[in-house]
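Data first, discussion second: the structure below is written as structure tokens.
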Amino acid sequence: MATNENLPPNVIKLLVRELKNLDETPPEGIKVGVNDDDFSMIYADIDGPAGTPYENGVFRMKLILSRDFPHSPPKGYFLTKIFHPNIATNGEICVNTLKRDWKPSLGLRHVLVVVRCLLIEPFPESALNEQAGKMLLENYEEYARHARLYTGIHALKPKPKFKSGAISESTAALNVDQTNASVCSVDPKTAVSGAIVQPTPLAPSLNTMKGGSAQEPSTPALNSMAEIGGVSSGSGAAAPPPTVATQQKEGGLAKAQTYKKKIDARKKSLKRL
């Protein structure tokens, strides 16, 4: 779960909504991920637009948010090396949206779309990479050749994938009430208070959960099975207490003997007559 110590609570709430929206309806050619340790760093994989020297490439970038976001713009950097007039050799992105044209109403989606559009239409007039800007103005074919070369070397490499559902899990974790965690916690004092846990049909007994090391008490059904099969519980051990079935059998025999005695007495009295 993200700690988000670098961002105030109001910014975190804003990011939760926007990241969830980006995850559910991502912009074309853009996949967003988050840093599990810090929401102030937003990552994105941008697909190279078709018909450009960046086609078939995947370029990873990051946005760094300050504590003053959204009042101040994020800083953008390409992590994948790219030959582009508006992207410096250290990856810094130069675009007016991230500078003088920034407005607090603009969100992360707008920034990411603008950066991808920058791959379609560079602005050599405000170049951070002077070589790329000059080459674009003087010889586009040479510029495109260099850009394709960089794309083939750096942007076609497989990149570590964002964790599946990372945004949903991280944003959901921020909305979970911390009191819910206490429901699953066990108080050591309560655990040893001597309370008896009654197993239910849907939950295993405490002995079963602990590996069944403690011997479970015998049941009448098990005792009956032992008696029928003639199996003793151990040599010299005391006989188990009579079961209900055994008691009923003995009671029936006693009644039959009593009834037989009464019949015999009647026969003797009839003979005397």
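Labeling convention for the structure tokens: chains A, B, ... as they appear, residues from 1 per chain, ligands from 1 in order of appearance.
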Quick one: contact table of range 116-160 of chain A to range 76-81 of chain A, 12 Å max, nearest atom pair and distance in Å to one decimal per residue, counting only C-alpha atoms, chain and number order, as a Markdown table?
```
| residue | atom | partner | partner_atom | distance |
| --- | --- | --- | --- | --- |
| A:Arg116 | CA | A:Phe78 | CA | 11.4 |
| A:Leu119 | CA | A:Phe78 | CA | 11.9 |
| A:Ala147 | CA | A:Lys81 | CA | 10.1 |
| A:Arg148 | CA | A:Lys81 | CA | 11.7 |
| A:Leu149 | CA | A:Lys81 | CA | 10.9 |
| A:Tyr150 | CA | A:Lys81 | CA | 7.0 |
| A:Thr151 | CA | A:Lys81 | CA | 8.0 |
| A:Gly152 | CA | A:Lys81 | CA | 10.6 |
| A:Ile153 | CA | A:Lys81 | CA | 8.9 |
| A:His154 | CA | A:Lys81 | CA | 6.1 |
| A:Ala155 | CA | A:Thr80 | CA | 6.5 |
| A:Leu156 | CA | A:Thr80 | CA | 9.9 |
| A:Lys157 | CA | A:Thr80 | CA | 9.7 |
| A:Pro158 | CA | A:Thr80 | CA | 11.3 |
| A:Lys159 | CA | A:Thr80 | CA | 9.7 |
```
Can you tell me which residues surround Leu118 in chain A at a distance of at most 12 Å, considering only C-alpha atoms, apart from same-chain residues fewer than 6 positions away, and format the answer as a PDB file with C-alpha atoms, in the first residue's frame?
```
ATOM      1  CA  ILE A  46       2.954   5.521 -24.213  1.00  0.00           C
ATOM      2  CA  GLY A  48       4.445   5.364 -30.400  1.00  0.00           C
ATOM      3  CA  PRO A  49       1.819   6.868 -32.738  1.00  0.00           C
ATOM      4  CA  THR A  52       5.761   8.640 -36.859  1.00  0.00           C
ATOM      5  CA  TYR A  54       8.237   6.337 -32.889  1.00  0.00           C
ATOM      6  CA  HIS A  84      12.926  14.255 -29.853  1.00  0.00           C
ATOM      7  CA  PRO A  85      13.335  18.061 -29.970  1.00  0.00           C
ATOM      8  CA  ASN A  86      11.192  18.676 -26.886  1.00  0.00           C
ATOM      9  CA  ILE A  87      12.692  15.950 -24.710  1.00  0.00           C
ATOM     10  CA  ILE A  93       9.839  17.112 -21.152  1.00  0.00           C
ATOM     11  CA  CYS A  94       9.354  20.663 -22.429  1.00  0.00           C
ATOM     12  CA  VAL A  95       5.743  21.435 -23.243  1.00  0.00           C
ATOM     13  CA  ASN A  96       3.730  24.565 -22.477  1.00  0.00           C
ATOM     14  CA  THR A  97       1.042  22.539 -20.700  1.00  0.00           C
ATOM     15  CA  VAL A 111      -1.139  16.014 -19.553  1.00  0.00           C
ATOM     16  CA  LEU A 112      -0.672  12.456 -20.823  1.00  0.00           C
ATOM     17  CA  PRO A 124      11.472  22.532 -32.667  1.00  0.00           C
ATOM     18  CA  ALA A 127      13.736  22.509 -28.280  1.00  0.00           C
TER      19      ALA A 127
END
```
Exercise. Residues of range 101-145 of chain A in helix (DSSP H, G or I) according to DSSP, as a ChimeraX atom specification?
Worked result: /A:108-120,124-126,130-138,140-145
For this session: Compile the contact shell of Lys99 in chain A as a list in words: residues with an atom at most 10 Å away, counting only C-alpha atoms, same-chain residues fewer than 4 positions apart removed.
Result: Ser72, Pro73, Pro74, Lys75, Cys94, Val95 and Lys103 of chain A
Store the residues picked out above, limited to N, CA, C and O atoms, as a PDB file, in the first residue's frame.
```pdb
ATOM      1  N   SER A  72       0.276  23.787  -8.856  1.00  0.00           N
ATOM      2  CA  SER A  72       1.500  23.842  -9.652  1.00  0.00           C
ATOM      3  C   SER A  72       1.543  22.614 -10.550  1.00  0.00           C
ATOM      4  O   SER A  72       1.070  21.537 -10.166  1.00  0.00           O
ATOM      5  N   PRO A  73       2.102  22.737 -11.752  1.00  0.00           N
ATOM      6  CA  PRO A  73       2.088  21.607 -12.700  1.00  0.00           C
ATOM      7  C   PRO A  73       3.043  20.500 -12.276  1.00  0.00           C
ATOM      8  O   PRO A  73       4.020  20.742 -11.564  1.00  0.00           O
ATOM      9  N   PRO A  74       2.771  19.275 -12.711  1.00  0.00           N
ATOM     10  CA  PRO A  74       3.723  18.195 -12.457  1.00  0.00           C
ATOM     11  C   PRO A  74       4.943  18.328 -13.363  1.00  0.00           C
ATOM     12  O   PRO A  74       4.911  19.053 -14.364  1.00  0.00           O
ATOM     13  N   LYS A  75       6.009  17.663 -13.007  1.00  0.00           N
ATOM     14  CA  LYS A  75       7.190  17.617 -13.859  1.00  0.00           C
ATOM     15  C   LYS A  75       7.197  16.284 -14.595  1.00  0.00           C
ATOM     16  O   LYS A  75       6.960  15.238 -13.990  1.00  0.00           O
ATOM     17  N   CYS A  94       9.665  19.238 -22.303  1.00  0.00           N
ATOM     18  CA  CYS A  94       9.354  20.663 -22.429  1.00  0.00           C
ATOM     19  C   CYS A  94       8.082  20.813 -23.245  1.00  0.00           C
ATOM     20  O   CYS A  94       8.061  20.576 -24.454  1.00  0.00           O
ATOM     21  N   VAL A  95       7.022  21.184 -22.579  1.00  0.00           N
ATOM     22  CA  VAL A  95       5.743  21.435 -23.243  1.00  0.00           C
ATOM     23  C   VAL A  95       5.027  22.509 -22.437  1.00  0.00           C
ATOM     24  O   VAL A  95       5.113  22.546 -21.203  1.00  0.00           O
ATOM     25  N   LYS A 103      -3.081  24.982 -15.802  1.00  0.00           N
ATOM     26  CA  LYS A 103      -4.209  25.439 -14.996  1.00  0.00           C
ATOM     27  C   LYS A 103      -4.570  24.337 -14.005  1.00  0.00           C
ATOM     28  O   LYS A 103      -4.492  23.151 -14.340  1.00  0.00           O
TER      29      LYS A 103
END
```
Exercise. To one decimal place, how far is CA of Leu7 in chain A from CA of His71 in chain A in Å?
Worked result: 13.0 Å
Once you count only C-alpha atoms, what closest atom pair and distance in Å to one decimal does each residue of range 31-101 of chain A within 8 Å of range 8-19 of chain A have, with rows by chain and rising residue number, as CSV?
```
residue,atom,partner,partner_atom,distance
A:Phe39,CA,A:Ile12,CA,7.8
A:Arg67,CA,A:Pro8,CA,6.6
A:Phe69,CA,A:Val11,CA,6.9
A:Pro70,CA,A:Val11,CA,7.7
```
Write the selection just made, keeping N, CA and C atoms, as a PDB file, in the first residue's frame?
```pdb
ATOM      1  N   PHE A  39       2.368   7.931  -4.175  1.00  0.00           N
ATOM      2  CA  PHE A  39       1.467   8.367  -5.237  1.00  0.00           C
ATOM      3  C   PHE A  39       1.931   9.650  -5.912  1.00  0.00           C
ATOM      4  N   ARG A  67       3.697  18.873  -3.562  1.00  0.00           N
ATOM      5  CA  ARG A  67       2.659  19.020  -2.532  1.00  0.00           C
ATOM      6  C   ARG A  67       1.654  20.101  -2.900  1.00  0.00           C
ATOM      7  N   PHE A  69       0.380  20.455  -5.884  1.00  0.00           N
ATOM      8  CA  PHE A  69      -0.475  20.001  -6.977  1.00  0.00           C
ATOM      9  C   PHE A  69      -1.936  20.009  -6.519  1.00  0.00           C
ATOM     10  N   PRO A  70      -2.883  20.452  -7.347  1.00  0.00           N
ATOM     11  CA  PRO A  70      -2.796  20.817  -8.756  1.00  0.00           C
ATOM     12  C   PRO A  70      -2.537  22.308  -9.025  1.00  0.00           C
TER      13      PRO A  70
END
```
Exercise. Taking only C-alpha atoms into account, which of A:Ala88, A:Glu138, A:Asn6, A:Ile42 comes nearest Asp68 in chain A?
Worked result: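 Closest residue, counting only C-alpha atoms: A:Asn6.
For the pair CA of Lys134 in chain A and CA of Glu121 in chain A, the interatomic distance is 14.9 Å.
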